[in-house]
$ cat structure.cif   # mmCIF, C-alpha atoms
data_final
#
loop_
_atom_site.label_atom_id
_atom_site.label_comp_id
_atom_site.auth_asym_id
_atom_site.auth_seq_id
_atom_site.Cartn_x
_atom_site.Cartn_y
_atom_site.Cartn_z
CA MET D 27 132.51 118.99 89.67
CA ALA D 28 130.38 116.37 87.95
CA SER D 29 128.89 113.56 90.04
CA HIS D 30 129.11 110.00 88.80
CA ALA D 31 127.83 106.58 89.86
CA ILE D 32 129.53 103.35 88.79
CA LEU D 33 129.07 99.69 89.56
CA THR D 34 132.20 97.56 89.58
CA THR D 35 132.25 93.76 89.54
CA LEU D 36 135.34 92.46 91.31
CA ASN D 37 137.14 89.32 92.38
CA ASP D 38 136.17 88.67 96.00
CA GLN D 39 139.61 89.02 97.61
CA PRO D 40 141.23 91.36 100.16
CA GLY D 41 142.88 94.46 98.72
CA MET D 42 140.47 95.02 95.81
CA LEU D 43 138.97 98.16 97.33
CA TYR D 44 142.45 99.52 97.87
CA ARG D 45 143.32 99.02 94.19
CA VAL D 46 140.12 100.66 92.99
CA THR D 47 140.34 103.64 95.36
CA GLU D 48 143.93 104.12 94.21
CA VAL D 49 142.64 104.90 90.70
CA LEU D 50 139.98 107.27 92.08
CA ALA D 51 142.59 109.01 94.29
CA ARG D 52 144.85 109.48 91.26
CA TYR D 53 142.07 111.51 89.58
CA ASP D 54 141.29 113.49 92.77
CA ALA D 55 137.83 111.95 92.83
CA ASN D 56 135.87 112.81 95.96
CA ILE D 57 134.09 109.56 96.93
CA GLN D 58 130.65 110.27 98.39
CA HIS D 59 129.16 106.83 98.74
CA ILE D 60 130.20 103.18 98.58
CA ASP D 61 128.12 100.04 98.83
CA ILE D 62 129.68 96.62 98.90
CA VAL D 63 127.47 93.73 97.81
CA HIS D 64 128.68 90.41 99.18
CA GLU D 65 126.01 87.86 98.47
CA PRO D 66 126.62 84.12 98.41
CA HIS D 67 126.65 82.68 94.84
CA ARG D 68 127.34 86.12 93.34
CA GLU D 69 130.49 87.95 92.30
CA ALA D 70 131.42 90.84 94.58
CA GLU D 71 129.99 94.15 93.40
CA VAL D 72 131.00 97.55 94.66
CA TYR D 73 128.96 100.63 93.89
CA PHE D 74 130.67 104.06 94.03
CA GLU D 75 129.37 107.60 93.85
CA PHE D 76 132.00 110.29 93.41
CA ALA D 77 132.62 113.76 92.06
CA SER D 78 135.51 114.42 89.70
CA GLU D 79 136.74 116.91 87.10
CA THR D 80 138.05 114.04 84.94
CA PRO D 81 135.73 112.67 82.23
CA ILE D 82 134.05 109.53 83.56
CA GLU D 83 135.05 107.48 80.50
CA GLN D 84 138.73 108.00 81.29
CA ILE D 85 138.26 106.83 84.91
CA VAL D 86 136.23 103.79 83.75
CA ASN D 87 138.98 102.87 81.27
CA GLU D 88 141.61 103.04 84.03
CA LEU D 89 139.47 100.96 86.39
CA GLN D 90 138.90 98.27 83.77
CA ILE D 91 142.61 97.46 83.59
CA VAL D 92 143.03 97.03 87.37
CA PRO D 93 143.84 93.34 88.11
CA GLY D 94 140.78 91.66 89.65
CA VAL D 95 138.28 94.14 88.14
CA MET D 96 135.89 92.18 85.93
CA ARG D 97 133.40 94.86 84.86
CA VAL D 98 132.72 98.57 85.30
CA ASP D 99 129.28 99.98 84.47
CA ILE D 100 128.12 103.58 84.65
CA THR D 101 124.79 103.62 86.51
CA GLN D 102 122.12 105.82 88.15
CA SER D 103 122.90 107.22 91.60
CA PHE D 104 121.08 105.93 94.73
CA GLY D 105 120.45 109.56 95.65
CA THR D 106 118.39 109.90 92.45
CA VAL D 107 116.61 106.58 92.98
CA TYR D 108 115.88 106.45 96.74
CA GLY D 109 116.50 110.07 97.75
CA LYS D 110 116.13 111.41 101.29
CA ARG D 111 115.32 109.03 104.13
CA VAL D 112 113.00 109.51 107.08
CA VAL D 113 113.71 106.87 109.75
CA ILE D 114 111.08 105.74 112.28
CA MET D 115 112.05 103.70 115.37
CA GLY D 116 110.26 102.34 118.41
CA GLY D 117 107.31 100.13 119.29
CA GLY D 118 105.59 98.25 116.46
CA ALA D 119 102.10 99.63 117.13
CA GLN D 120 103.23 103.25 116.94
CA VAL D 121 105.91 102.78 114.27
CA GLY D 122 103.23 101.29 111.99
CA GLN D 123 100.93 104.29 112.41
CA VAL D 124 103.71 106.86 111.93
CA ALA D 125 104.91 104.94 108.85
CA MET D 126 101.41 105.03 107.40
CA GLY D 127 101.27 108.82 107.68
CA ALA D 128 104.82 109.23 106.38
CA ILE D 129 104.40 106.87 103.40
CA LEU D 130 101.14 108.45 102.26
CA GLU D 131 102.67 111.93 102.56
CA ALA D 132 105.89 110.84 100.80
CA ASP D 133 103.74 109.49 97.95
CA ARG D 134 102.20 112.95 97.46
CA HIS D 135 105.60 114.61 97.30
CA ASN D 136 107.30 111.92 95.20
CA ILE D 137 104.56 112.34 92.58
CA ARG D 138 105.67 115.98 92.33
CA GLY D 139 109.32 115.02 91.77
CA GLU D 140 110.65 114.49 95.30
CA HIS D 141 112.46 111.26 96.23
CA ILE D 142 111.68 110.38 99.84
CA SER D 143 112.01 106.90 101.39
CA VAL D 144 110.50 105.91 104.73
CA ASP D 145 112.56 103.40 106.70
CA THR D 146 111.46 101.80 109.95
CA ILE D 147 112.74 99.52 112.64
CA PRO D 148 110.51 98.19 115.41
CA LEU D 149 112.74 97.77 118.45
CA VAL D 150 112.37 97.11 122.14
CA GLY D 151 114.72 97.94 125.03
CA GLU D 152 116.58 101.05 126.11
CA ARG D 153 120.02 99.80 125.10
CA ASP D 154 119.09 98.58 121.61
CA LEU D 155 117.07 101.69 120.86
CA ALA D 156 119.83 104.02 122.06
CA ALA D 157 122.34 102.17 119.85
CA ALA D 158 120.00 102.41 116.85
CA VAL D 159 119.46 106.17 117.44
CA ARG D 160 123.21 106.80 117.70
CA SER D 161 123.96 104.80 114.54
CA VAL D 162 121.32 106.54 112.44
CA VAL D 163 123.61 109.51 111.73
CA LEU D 164 126.01 107.06 110.05
CA LEU D 165 123.44 105.84 107.55
CA PRO D 166 123.50 107.59 104.18
CA ARG D 167 120.87 110.17 103.18
CA VAL D 168 118.97 110.19 106.52
CA ARG D 169 117.29 113.60 106.97
CA LEU D 170 115.02 113.12 110.00
CA LEU D 171 114.36 110.64 112.82
CA VAL D 172 110.98 109.92 114.41
CA LEU D 173 110.80 108.17 117.79
CA ALA D 174 107.49 106.37 118.13
CA GLY D 175 106.59 104.65 121.39
CA SER D 176 104.84 104.98 124.73
CA LEU D 177 107.83 105.28 127.09
CA MET D 178 111.37 106.32 126.20
CA GLY D 179 114.04 107.93 128.38
CA GLY D 180 117.48 107.39 129.93
CA GLU D 181 120.10 106.33 127.40
CA ILE D 182 117.68 106.96 124.50
CA THR D 183 117.34 110.61 125.54
CA LYS D 184 121.13 110.97 125.64
CA ALA D 185 121.33 109.41 122.17
CA VAL D 186 118.69 111.87 120.89
CA GLU D 187 120.76 114.78 122.26
CA ASP D 188 123.87 113.36 120.53
CA VAL D 189 122.27 113.05 117.10
CA ARG D 190 120.61 116.48 117.36
CA ALA D 191 124.04 117.93 118.18
CA LYS D 192 125.21 116.40 114.91
CA GLY D 193 122.45 118.27 113.05
CA LEU D 194 119.75 115.59 112.67
CA PRO D 195 116.22 116.82 113.53
CA VAL D 196 114.18 114.51 115.79
CA ILE D 197 110.40 114.27 116.12
CA SER D 198 109.02 112.41 119.14
CA LEU D 199 105.52 111.16 119.76
CA ASN D 200 103.95 112.60 122.89
CA MET D 201 104.82 109.86 125.38
CA ALA D 202 106.04 109.04 128.90
CA GLY D 203 109.74 109.48 129.68
CA SER D 204 112.22 112.25 128.87
CA VAL D 205 112.60 111.74 125.08
CA PRO D 206 109.86 114.28 124.14
CA ASP D 207 111.72 116.98 126.15
CA ALA D 208 114.87 116.31 124.08
CA ALA D 209 113.16 116.39 120.65
CA ASP D 210 112.72 119.26 118.17
CA LEU D 211 109.01 118.60 117.85
CA VAL D 212 106.45 116.57 119.84
CA VAL D 213 103.34 115.25 118.10
CA THR D 214 100.48 113.32 119.73
CA ASP D 215 98.81 111.78 116.66
CA PRO D 216 101.18 109.22 115.10
CA VAL D 217 99.79 109.67 111.56
CA GLN D 218 100.32 113.43 111.84
CA ALA D 219 103.84 112.84 113.18
CA GLY D 220 104.64 110.85 110.03
CA VAL D 221 103.10 113.48 107.76
CA MET D 222 104.99 116.31 109.49
CA ALA D 223 108.26 114.35 109.30
CA VAL D 224 107.97 114.07 105.52
CA MET D 225 106.79 117.70 105.13
CA ALA D 226 109.87 118.79 107.08
CA VAL D 227 112.27 117.15 104.61
CA ALA D 228 110.33 117.72 101.34
CA ASP D 229 111.43 120.58 99.12
CA THR D 230 107.92 120.45 97.67
CA ALA D 231 106.39 121.35 101.08
CA LYS D 232 106.25 124.63 102.99
CA PHE D 233 106.98 123.43 106.51
CA THR D 234 109.99 124.36 108.59
CA VAL D 235 110.31 123.02 112.13
CA GLU D 236 112.40 126.06 113.22
CA ARG D 237 109.64 128.47 112.18
CA LEU D 238 106.86 126.79 114.17
CA LYS D 239 105.58 128.84 117.10
CA ARG D 240 104.34 125.72 118.88
CA ARG D 241 106.59 122.69 119.27
CA VAL D 242 103.98 120.38 120.86
CA PHE D 243 100.90 119.18 118.92
CA MET Y 225 138.02 85.34 111.07
CA ALA Y 226 136.76 87.88 113.60
CA SER Y 227 134.40 90.62 112.36
CA HIS Y 228 134.99 94.20 113.41
CA ALA Y 229 133.26 97.56 113.02
CA ILE Y 230 135.13 100.84 113.28
CA LEU Y 231 134.25 104.49 112.81
CA THR Y 232 137.00 106.73 111.45
CA THR Y 233 136.92 110.54 111.51
CA LEU Y 234 138.90 111.93 108.58
CA ASN Y 235 139.95 115.12 106.87
CA ASP Y 236 137.50 115.71 104.02
CA GLN Y 237 139.91 115.45 101.08
CA PRO Y 238 140.35 113.16 98.06
CA GLY Y 239 142.56 110.12 98.62
CA MET Y 240 141.67 109.51 102.29
CA LEU Y 241 139.79 106.31 101.54
CA TYR Y 242 142.73 105.04 99.54
CA ARG Y 243 145.09 105.61 102.48
CA VAL Y 244 142.77 103.88 104.94
CA THR Y 245 142.04 100.89 102.68
CA GLU Y 246 145.81 100.54 102.15
CA VAL Y 247 146.18 99.74 105.87
CA LEU Y 248 143.28 97.27 105.74
CA ALA Y 249 144.72 95.59 102.62
CA ARG Y 250 148.09 95.24 104.38
CA TYR Y 251 146.39 93.13 107.08
CA ASP Y 252 144.36 91.11 104.53
CA ALA Y 253 141.16 92.52 105.99
CA ASN Y 254 138.08 91.55 104.00
CA ILE Y 255 135.95 94.74 103.93
CA GLN Y 256 132.26 93.89 104.09
CA HIS Y 257 130.62 97.27 104.44
CA ILE Y 258 131.51 100.97 104.16
CA ASP Y 259 129.41 104.02 104.88
CA ILE Y 260 130.66 107.49 104.17
CA VAL Y 261 129.03 110.30 106.12
CA HIS Y 262 129.41 113.65 104.38
CA GLU Y 263 127.23 116.12 106.21
CA PRO Y 264 127.68 119.89 106.03
CA HIS Y 265 129.17 121.34 109.25
CA ARG Y 266 130.59 117.95 110.27
CA GLU Y 267 133.93 116.26 109.81
CA ALA Y 268 133.89 113.37 107.33
CA GLU Y 269 133.22 110.03 109.00
CA VAL Y 270 133.72 106.66 107.40
CA TYR Y 271 132.31 103.51 108.95
CA PHE Y 272 133.93 100.14 108.07
CA GLU Y 273 132.96 96.55 108.76
CA PHE Y 274 135.61 93.97 108.00
CA ALA Y 275 136.88 90.53 108.92
CA SER Y 276 140.53 90.01 109.80
CA GLU Y 277 142.85 87.59 111.59
CA THR Y 278 144.88 90.50 113.00
CA PRO Y 279 143.90 91.82 116.47
CA ILE Y 280 141.69 94.89 115.98
CA GLU Y 281 143.84 97.01 118.35
CA GLN Y 282 146.83 96.62 116.02
CA ILE Y 283 144.81 97.73 112.98
CA VAL Y 284 143.37 100.69 114.91
CA ASN Y 285 146.88 101.75 115.96
CA GLU Y 286 148.07 101.64 112.36
CA LEU Y 287 145.06 103.61 111.15
CA GLN Y 288 145.56 106.32 113.78
CA ILE Y 289 148.97 107.25 112.35
CA VAL Y 290 147.70 107.66 108.75
CA PRO Y 291 147.99 111.36 107.78
CA GLY Y 292 144.51 112.94 107.75
CA VAL Y 293 142.98 110.38 110.14
CA MET Y 294 141.69 112.27 113.18
CA ARG Y 295 140.01 109.50 115.20
CA VAL Y 296 139.35 105.78 115.07
CA ASP Y 297 136.67 104.25 117.30
CA ILE Y 298 135.67 100.61 117.63
CA THR Y 299 131.87 100.44 117.39
CA GLN Y 300 128.84 98.12 117.08
CA SER Y 301 128.08 96.73 113.62
CA PHE Y 302 125.04 97.92 111.61
CA GLY Y 303 124.21 94.28 111.04
CA THR Y 304 123.73 93.90 114.79
CA VAL Y 305 121.77 97.14 115.10
CA TYR Y 306 119.50 97.22 112.03
CA GLY Y 307 119.72 93.61 110.82
CA LYS Y 308 117.92 92.24 107.77
CA ARG Y 309 115.90 94.57 105.58
CA VAL Y 310 112.55 93.99 103.90
CA VAL Y 311 111.96 96.63 101.20
CA ILE Y 312 108.46 97.65 100.04
CA MET Y 313 107.94 99.70 96.85
CA GLY Y 314 104.98 100.98 94.89
CA GLY Y 315 101.88 103.09 95.37
CA GLY Y 316 101.47 104.95 98.68
CA ALA Y 317 98.08 103.43 99.56
CA GLN Y 318 99.31 99.85 99.21
CA VAL Y 319 102.85 100.42 100.48
CA GLY Y 320 101.35 101.84 103.70
CA GLN Y 321 99.19 98.75 104.28
CA VAL Y 322 102.00 96.29 103.50
CA ALA Y 323 104.34 98.26 105.78
CA MET Y 324 101.80 98.09 108.59
CA GLY Y 325 101.69 94.28 108.38
CA ALA Y 326 105.46 94.00 108.02
CA ILE Y 327 106.27 96.37 110.90
CA LEU Y 328 103.88 94.69 113.33
CA GLU Y 329 105.24 91.27 112.39
CA ALA Y 330 108.87 92.47 112.61
CA ASP Y 331 108.10 93.77 116.10
CA ARG Y 332 107.04 90.28 117.19
CA HIS Y 333 110.24 88.73 115.86
CA ASN Y 334 112.58 91.48 117.05
CA ILE Y 335 111.25 90.99 120.59
CA ARG Y 336 112.49 87.40 120.31
CA GLY Y 337 115.97 88.47 119.27
CA GLU Y 338 115.66 89.02 115.51
CA HIS Y 339 116.78 92.30 113.92
CA ILE Y 340 114.50 93.13 110.99
CA SER Y 341 114.01 96.60 109.48
CA VAL Y 342 111.18 97.51 107.10
CA ASP Y 343 112.11 100.09 104.46
CA THR Y 344 109.69 101.63 102.01
CA ILE Y 345 109.59 103.92 99.04
CA PRO Y 346 106.36 105.15 97.52
CA LEU Y 347 107.05 105.61 93.82
CA VAL Y 348 105.12 106.23 90.65
CA GLY Y 349 106.03 105.47 87.04
CA GLU Y 350 107.35 102.41 85.23
CA ARG Y 351 110.85 103.78 84.69
CA ASP Y 352 111.44 105.00 88.25
CA LEU Y 353 110.04 101.81 89.76
CA ALA Y 354 112.11 99.58 87.48
CA ALA Y 355 115.26 101.53 88.41
CA ALA Y 356 114.44 101.23 92.12
CA VAL Y 357 113.82 97.46 91.80
CA ARG Y 358 117.12 96.95 89.96
CA SER Y 359 119.08 99.00 92.51
CA VAL Y 360 117.66 97.19 95.53
CA VAL Y 361 120.13 94.30 95.14
CA LEU Y 362 122.93 96.84 95.65
CA LEU Y 363 121.64 97.99 99.04
CA PRO Y 364 123.21 96.28 102.03
CA ARG Y 365 121.34 93.62 104.05
CA VAL Y 366 118.21 93.50 101.84
CA ARG Y 367 116.60 90.03 102.11
CA LEU Y 368 113.24 90.43 100.36
CA LEU Y 369 111.35 92.86 98.12
CA VAL Y 370 107.59 93.46 98.12
CA LEU Y 371 105.93 95.16 95.16
CA ALA Y 372 102.74 96.86 96.29
CA GLY Y 373 100.47 98.52 93.75
CA SER Y 374 97.47 98.11 91.46
CA LEU Y 375 99.16 97.89 88.06
CA MET Y 376 102.78 96.97 87.34
CA GLY Y 377 104.32 95.45 84.23
CA GLY Y 378 106.74 96.09 81.35
CA GLU Y 379 110.15 97.25 82.52
CA ILE Y 380 109.23 96.56 86.17
CA THR Y 381 108.59 92.89 85.34
CA LYS Y 382 112.00 92.66 83.65
CA ALA Y 383 113.61 94.25 86.70
CA VAL Y 384 111.84 91.70 88.95
CA GLU Y 385 113.23 88.86 86.82
CA ASP Y 386 116.73 90.39 87.06
CA VAL Y 387 116.75 90.67 90.86
CA ARG Y 388 115.24 87.21 91.30
CA ALA Y 389 118.05 85.84 89.08
CA LYS Y 390 120.45 87.45 91.56
CA GLY Y 391 118.81 85.52 94.41
CA LEU Y 392 116.45 88.09 95.92
CA PRO Y 393 112.94 86.73 96.63
CA VAL Y 394 110.06 88.97 95.49
CA ILE Y 395 106.48 89.08 96.80
CA SER Y 396 103.87 90.87 94.68
CA LEU Y 397 100.41 91.99 95.64
CA ASN Y 398 97.72 90.48 93.46
CA MET Y 399 97.35 93.24 90.86
CA ALA Y 400 96.92 94.07 87.17
CA GLY Y 401 99.94 93.74 84.87
CA SER Y 402 102.61 91.07 84.52
CA VAL Y 403 104.55 91.60 87.79
CA PRO Y 404 102.55 88.99 89.78
CA ASP Y 405 103.48 86.34 87.16
CA ALA Y 406 107.17 87.12 87.69
CA ALA Y 407 107.11 87.01 91.53
CA ASP Y 408 107.88 84.13 93.93
CA LEU Y 409 104.63 84.68 95.80
CA VAL Y 410 101.41 86.61 95.12
CA VAL Y 411 99.30 87.85 98.03
CA THR Y 412 95.95 89.67 97.79
CA ASP Y 413 95.70 91.18 101.29
CA PRO Y 414 98.44 93.83 101.71
CA VAL Y 415 98.70 93.36 105.49
CA GLN Y 416 99.19 89.62 105.00
CA ALA Y 417 101.77 90.31 102.28
CA GLY Y 418 103.78 92.36 104.80
CA VAL Y 419 103.44 89.70 107.49
CA MET Y 420 104.51 86.92 105.10
CA ALA Y 421 107.48 88.98 103.88
CA VAL Y 422 108.81 89.27 107.42
CA MET Y 423 108.06 85.63 108.27
CA ALA Y 424 110.04 84.61 105.17
CA VAL Y 425 113.21 86.35 106.39
CA ALA Y 426 112.88 85.76 110.15
CA ASP Y 427 114.92 82.95 111.69
CA THR Y 428 112.36 82.97 114.49
CA ALA Y 429 109.56 81.99 112.07
CA LYS Y 430 108.72 78.71 110.38
CA PHE Y 431 107.85 79.89 106.89
CA THR Y 432 109.70 79.04 103.71
CA VAL Y 433 108.42 80.36 100.37
CA GLU Y 434 109.95 77.38 98.50
CA ARG Y 435 107.98 74.90 100.61
CA LEU Y 436 104.56 76.47 100.00
CA LYS Y 437 102.21 74.35 97.89
CA ARG Y 438 100.22 77.42 96.84
CA ARG Y 439 101.98 80.50 95.53
CA VAL Y 440 98.87 82.72 95.24
CA PHE Y 441 96.86 83.82 98.31
#

$ encode --input "structure.cif" --output "C-alpha cells"
Amino acid sequence: MASHAILTTLNDQPGMLYRVTEVLARYDANIQHIDIVHEPHREAEVYFEFASETPIEQIVNELQIVPGVMRVDITQSFGTVYGKRVVIMGGGAQVGQVAMGAILEADRHNIRGEHISVDTIPLVGERDLAAAVRSVVLLPRVRLLVLAGSLMGGEITKAVEDVRAKGLPVISLNMAGSVPDAADLVVTDPVQAGVMAVMAVADTAKFTVERLKRRVF
Amino acid sequence: MASHAILTTLNDQPGMLYRVTEVLARYDANIQHIDIVHEPHREAEVYFEFASETPIEQIVNELQIVPGVMRVDITQSFGTVYGKRVVIMGGGAQVGQVAMGAILEADRHNIRGEHISVDTIPLVGERDLAAAVRSVVLLPRVRLLVLAGSLMGGEITKAVEDVRAKGLPVISLNMAGSVPDAADLVVTDPVQAGVMAVMAVADTAKFTVERLKRRVF
C-alpha cells in the first residue's frame, strides 16, 4: 500500500476530525500519524499520514467537498523530514553532554542519507522524570531513550522497565541509583553515550546493542 | 471547558479512529492533540487530548463500548510532561553548541516549574533544511526555531519567511547567506543563541525579542 501525507486546513469547530476520518475510513486508509495545529491567529491545520490502495487524488477530491474543509494539500511526510528520534532526559549538565555526542554523530549519519533527530528534556524530580519516561513510548518515531543524570532510581527505574517491556531500548549513564541496573546499556562518558545511542538506531552504522559482549562502558 | 488526556488501546484496523472521533464529536469535544502509536509487536495505541464540558468518566464509558476499543485510560497530558519546544536545526557542530546553551538554560527554568524541551536535527542541504523549516510549524508545542550553521540562504530563507508569517519566532546564528536577514534575532555565540532561545519562551524569564533595541549580538 502506498503511503501518503496530506495537510488539511479546516474550520476550527468540534466534529471536523470525525468528518475527515470518515472519508479516510471509507477508503480503508490506515492512518499512521496525525498532528493537529491549533495556533492562535491561524486556521486549524491537521496533518495526516496514511496508507491506502486508493489513488491519493481521489481521496483529496473527496476531502475537499467535506463541509468545513478549506484546503487539502499533498505534502512530504514527517518521517522523511525528521526521521527517527533519540530522546535524552535528565539533569541539564549531563543531558547537554550526551546531546553533544548524539548531535555530532547524527550529523555524520544524516550526511549519508539517514534522518535522525535528537530531542532532549532537562528535568528534575523522580515523579516528573518517571512520567516523562513512561510517556516517551507514546511519542511518534522514538527509537531509543538515554537517561542522563547522577542519581536516578525508584519510580524512574520502574518506568524504565515498563518502556523496555514495550520494546524501547534504554541507555543509562553510569550513575548512582538503580536505573543503570534496569537499562540495556550503561555508559560512563556522556559524549560516548550520545554517540552510541545514535549508532544503535542508524542504519548507516554497524552497532547492535544485543550483540555487545560488554554492557557497561 | 476542562482539558483531558486519554490513552486508548485499539484493534489495529482501518476505521478505528473514525469510530472513536465519532464519540468525541457527539460530546462536542474539541480535540487538541492526537498521537498514534504503531509499533511492531504492540497493540495500536492512540493518545487524545481534548476539551469538553461533559464529565470525562461519561466519555470514557462511551468509548469503552465502541467495537474494537480494548482499553481507555485517563492519563497526564504531554503538554504537562514535555511542555514547550525549542527546535534547533542546521550543521552538527553549531547545533551541538546551541543545544548545549539551550539545554542548560532550560534546566534552570524547568527547576522553577517551566516545562521546556530542546529538540534538534542536524541536517545538510538547502532542500532538506527548507523542508524541515516549513514542517516545524506543524509539530505540536513548538515555540521557537533556531537556525544554526555557517551558510544558509535561498529556499531556506523563503521557508524562514513563511514560518515567521505563521507566527513562529526564528533566531539565526550570525552566518553567511541571507537567513540572518530574515530572522527575528541574530546571535554570534551559539551558546548564547541557545540561552536566548529558551529565555524567549520561558514564562520564568524576563526576555522579550520584540522589546530588544538591538537585534544582532

$ resolve_selection --input "structure.cif" --expression "the PyMOL selection byres ((chain Y) within 8 of (chain D))" --output "MDAnalysis selection string"
chainID Y and resid 237:239 241:242 245:246 248:250 252:262 266 269 271 302 305:306 315:317 319:321 323:324 327:328 330:331 334:335 340:348 352 355:356 359 361:364 390

$ write_last_selection --input "structure.cif" --atoms "C-alpha atoms" --output "tab-separated table (two decimals), in the coordinates of the input"
chain	number	residue	atom	x	y	z
Y	237	GLN	CA	139.91	115.45	101.08
Y	238	PRO	CA	140.35	113.16	98.06
Y	239	GLY	CA	142.56	110.12	98.62
Y	241	LEU	CA	139.79	106.31	101.54
Y	242	TYR	CA	142.73	105.04	99.54
Y	245	THR	CA	142.04	100.89	102.68
Y	246	GLU	CA	145.81	100.54	102.15
Y	248	LEU	CA	143.28	97.27	105.74
Y	249	ALA	CA	144.72	95.59	102.62
Y	250	ARG	CA	148.09	95.24	104.38
Y	252	ASP	CA	144.36	91.11	104.53
Y	253	ALA	CA	141.16	92.52	105.99
Y	254	ASN	CA	138.08	91.55	104.00
Y	255	ILE	CA	135.95	94.74	103.93
Y	256	GLN	CA	132.26	93.89	104.09
Y	257	HIS	CA	130.62	97.27	104.44
Y	258	ILE	CA	131.51	100.97	104.16
Y	259	ASP	CA	129.41	104.02	104.88
Y	260	ILE	CA	130.66	107.49	104.17
Y	261	VAL	CA	129.03	110.30	106.12
Y	262	HIS	CA	129.41	113.65	104.38
Y	266	ARG	CA	130.59	117.95	110.27
Y	269	GLU	CA	133.22	110.03	109.00
Y	271	TYR	CA	132.31	103.51	108.95
Y	302	PHE	CA	125.04	97.92	111.61
Y	305	VAL	CA	121.77	97.14	115.10
Y	306	TYR	CA	119.50	97.22	112.03
Y	315	GLY	CA	101.88	103.09	95.37
Y	316	GLY	CA	101.47	104.95	98.68
Y	317	ALA	CA	98.08	103.43	99.56
Y	319	VAL	CA	102.85	100.42	100.48
Y	320	GLY	CA	101.35	101.84	103.70
Y	321	GLN	CA	99.19	98.75	104.28
Y	323	ALA	CA	104.34	98.26	105.78
Y	324	MET	CA	101.80	98.09	108.59
Y	327	ILE	CA	106.27	96.37	110.90
Y	328	LEU	CA	103.88	94.69	113.33
Y	330	ALA	CA	108.87	92.47	112.61
Y	331	ASP	CA	108.10	93.77	116.10
Y	334	ASN	CA	112.58	91.48	117.05
Y	335	ILE	CA	111.25	90.99	120.59
Y	340	ILE	CA	114.50	93.13	110.99
Y	341	SER	CA	114.01	96.60	109.48
Y	342	VAL	CA	111.18	97.51	107.10
Y	343	ASP	CA	112.11	100.09	104.46
Y	344	THR	CA	109.69	101.63	102.01
Y	345	ILE	CA	109.59	103.92	99.04
Y	346	PRO	CA	106.36	105.15	97.52
Y	347	LEU	CA	107.05	105.61	93.82
Y	348	VAL	CA	105.12	106.23	90.65
Y	352	ASP	CA	111.44	105.00	88.25
Y	355	ALA	CA	115.26	101.53	88.41
Y	356	ALA	CA	114.44	101.23	92.12
Y	359	SER	CA	119.08	99.00	92.51
Y	361	VAL	CA	120.13	94.30	95.14
Y	362	LEU	CA	122.93	96.84	95.65
Y	363	LEU	CA	121.64	97.99	99.04
Y	364	PRO	CA	123.21	96.28	102.03
Y	390	LYS	CA	120.45	87.45	91.56

$ closest_residue --input "structure.cif" --among "Y:Val293, Y:Arg358, Y:Leu371, Y:Asp386" --to "Leu409 of chain Y" --atoms "only C-alpha atoms"
Y:Leu371

$ resolve_selection --input "structure.cif" --expression "the PyMOL selection byres ((chain D and resi 210) around 8)" --output "PyMOL selection string"
chain D and resi 195-198+208-209+211-212+235+241

$ write_last_selection --input "structure.cif" --atoms "C-alpha atoms" --output "compact mmCIF listing (two decimals), keeping the file's coordinate frame"
# COMPACT_ATOMS: atom_id res chain seq x y z
CA PRO D 195 116.22 116.82 113.53
CA VAL D 196 114.18 114.51 115.79
CA ILE D 197 110.40 114.27 116.12
CA SER D 198 109.02 112.41 119.14
CA ALA D 208 114.87 116.31 124.08
CA ALA D 209 113.16 116.39 120.65
CA LEU D 211 109.01 118.60 117.85
CA VAL D 212 106.45 116.57 119.84
CA VAL D 235 110.31 123.02 112.13
CA ARG D 241 106.59 122.69 119.27

$ resolve_selection --input "structure.cif" --expression "the PyMOL selection byres ((chain Y and resi 377) around 8)" --output "list in words"
Glu350, Leu375, Met376, Gly378, Glu379, Ile380, Thr381, Gly401, Ser402 and Val403 of chain Y

$ atom_distance --input "structure.cif" --atom1 "atom CA of Leu171 of chain D" --atom2 "atom CA of Leu368 of chain Y"
23.8 Å

$ atom_distance --input "structure.cif" --atom1 "atom CA of Ala31 of chain D" --atom2 "atom CA of Ile82 of chain D"
9.3 Å

$ atom_distance --input "structure.cif" --atom1 "atom CA of Phe243 of chain D" --atom2 "atom CA of Ala223 of chain D"
13.0 Å

$ build_atoms --input "structure.cif" --residues "segment 50-58 of chain D" --atoms "N, CA and C atoms" --output "CSV table (one decimal), in the frame of the given file"
chain,number,residue,atom,x,y,z
D,50,LEU,N,140.8,106.1,91.8
D,50,LEU,CA,140.0,107.3,92.1
D,50,LEU,C,140.8,108.4,92.7
D,51,ALA,N,141.7,108.0,93.6
D,51,ALA,CA,142.6,109.0,94.3
D,51,ALA,C,143.5,109.7,93.3
D,52,ARG,N,144.0,108.9,92.3
D,52,ARG,CA,144.8,109.5,91.3
D,52,ARG,C,144.1,110.6,90.5
D,53,TYR,N,142.8,110.5,90.3
D,53,TYR,CA,142.1,111.5,89.6
D,53,TYR,C,141.4,112.5,90.5
D,54,ASP,N,141.9,112.6,91.8
D,54,ASP,CA,141.3,113.5,92.8
D,54,ASP,C,139.8,113.4,92.9
D,55,ALA,N,139.3,112.1,92.7
D,55,ALA,CA,137.8,112.0,92.8
D,55,ALA,C,137.4,112.0,94.3
D,56,ASN,N,136.4,112.7,94.6
D,56,ASN,CA,135.9,112.8,96.0
D,56,ASN,C,134.8,111.8,96.1
D,57,ILE,N,135.0,110.7,96.8
D,57,ILE,CA,134.1,109.6,96.9
D,57,ILE,C,133.0,109.9,97.9
D,58,GLN,N,131.7,109.9,97.5
D,58,GLN,CA,130.6,110.3,98.4
D,58,GLN,C,129.9,109.1,99.0
